[in-house]
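Q: Can you keep this structure in mind? I'll have questions shortly.
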Amino acid sequence: KVYQRDPLTNEVLLDELGNKILSEEKINVPSWVLVDVYDVEQTKGDAIRDYTFMPKNAVEHFEELKNAIIKCSAVPVRFKELALINGSCSQKEIIIDNTLPEAMTLKTLVHELAHSKLHIYEGHIELNEEKREVEAESAAYITLAHFGIDTSDYSFKYIGSWSKDKEVEQLMNSLEVIKKTSKTLINEIKKNFENELQRTKAVTRTKEQKIELAR
């Protein structure tokens, strides 16, 4: 309970009998509860999505390049909305988040494709998670750089987070794998990409001919 005061003079108000007027006032007192928390380094599972450095730029001939990458996959590729991750890869399929920007979609596609080729179908499942992620992201960065798509802001941070506790020798052991995988992906995607561009040109030419005939 508190005494009521005049808002102008701040003097305590009195009732008709000269008694100080009391009133009840509810006061919210902030408080905290102690709980157990975990640092991200103490947890396991898929990497939490980081939007900060995600490449958001549009990509010329996006659909053609996307289809060219998909055709390199030995397993079906599906697009659906994912909550916390950009993509995933298994022996049955590759799943990519369908809300990603164009450059990030292609980067994630190649990343998961590298996992599929390196760590599932070529018997490298025994590798630890850190090494798998470094190899897949490095291959994705190099491959897309060949096609003029820069994902360095995202890829360098991602690779650094998975390799920060590794010795130079451990990282060097992955270089040949990354180099070989990147070369293979570039050659396969390039061939498919050229075919996709030719197909798009043919479709466009057919549409233009139909328009001309309709005039």
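Within each chain, counting starts at residue 1; across the structure tokens, chains are named A, B, ... in the order shown, with ligands numbered 1 upward in that order.
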Please return as an MDAnalysis selection string: the residues of stretch 10-185 of chain A that backbone DSSP assigns to strand (DSSP E).

A: chainID A and resid 22:23 77:80 87:89 94:97

Q: I'd like to know which residues of stretch 88-166 of chain A are alpha helix (DSSP H) (by DSSP, run on the backbone); could you write them as JSON, numbers by chain?

A: {"A": [102, 103, 104, 105, 106, 107, 108, 109, 110, 111, 112, 113, 114, 115, 129, 130, 131, 132, 133, 134, 135, 136, 137, 138, 139, 140, 141, 142, 143, 144, 145, 146, 152, 153, 154, 155, 156, 157, 158, 159, 160, 161, 162, 163]}

Q: Pick out the residues sitting within 10 Å of stretch 58-63 of chain A, and hand them over as a list in words; count only C-alpha atoms, and ignore anything fewer than 3 positions along from it in its own chain.

A: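 Final neighbour list, sorted by chain and number: Pro55, Lys66, Asn67, Ala68, Ile69, Pro101, Glu102, Ala103, Met104, Thr105, Leu106, Gly148, Ile149, Phe193, Glu196, Leu197 and Thr200 of chain A.
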
Q: Report, in Å with one decimal, the straight-line distance from atom CA of A:Glu93 to atom CA of A:Pro76.

A: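 These two atoms are separated by 5.0 Å.
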
Q: Excluding A:Asn86 and any residue of its chain fewer than 5 positions from it, enumerate the residues within 8 Å of it, using only C-alpha atoms, and give them as a PyMOL selection string.

A: chain A and resi 49+96-97+100+108

Q: Just checking: using only C-alpha atoms, which residue out of A:Phe147, A:Glu133, A:Leu175, A:Leu65 ends up closest to A:Trp162?

A: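 Using only C-alpha atoms, the shortest distance to A:Trp162 belongs to A:Glu133.
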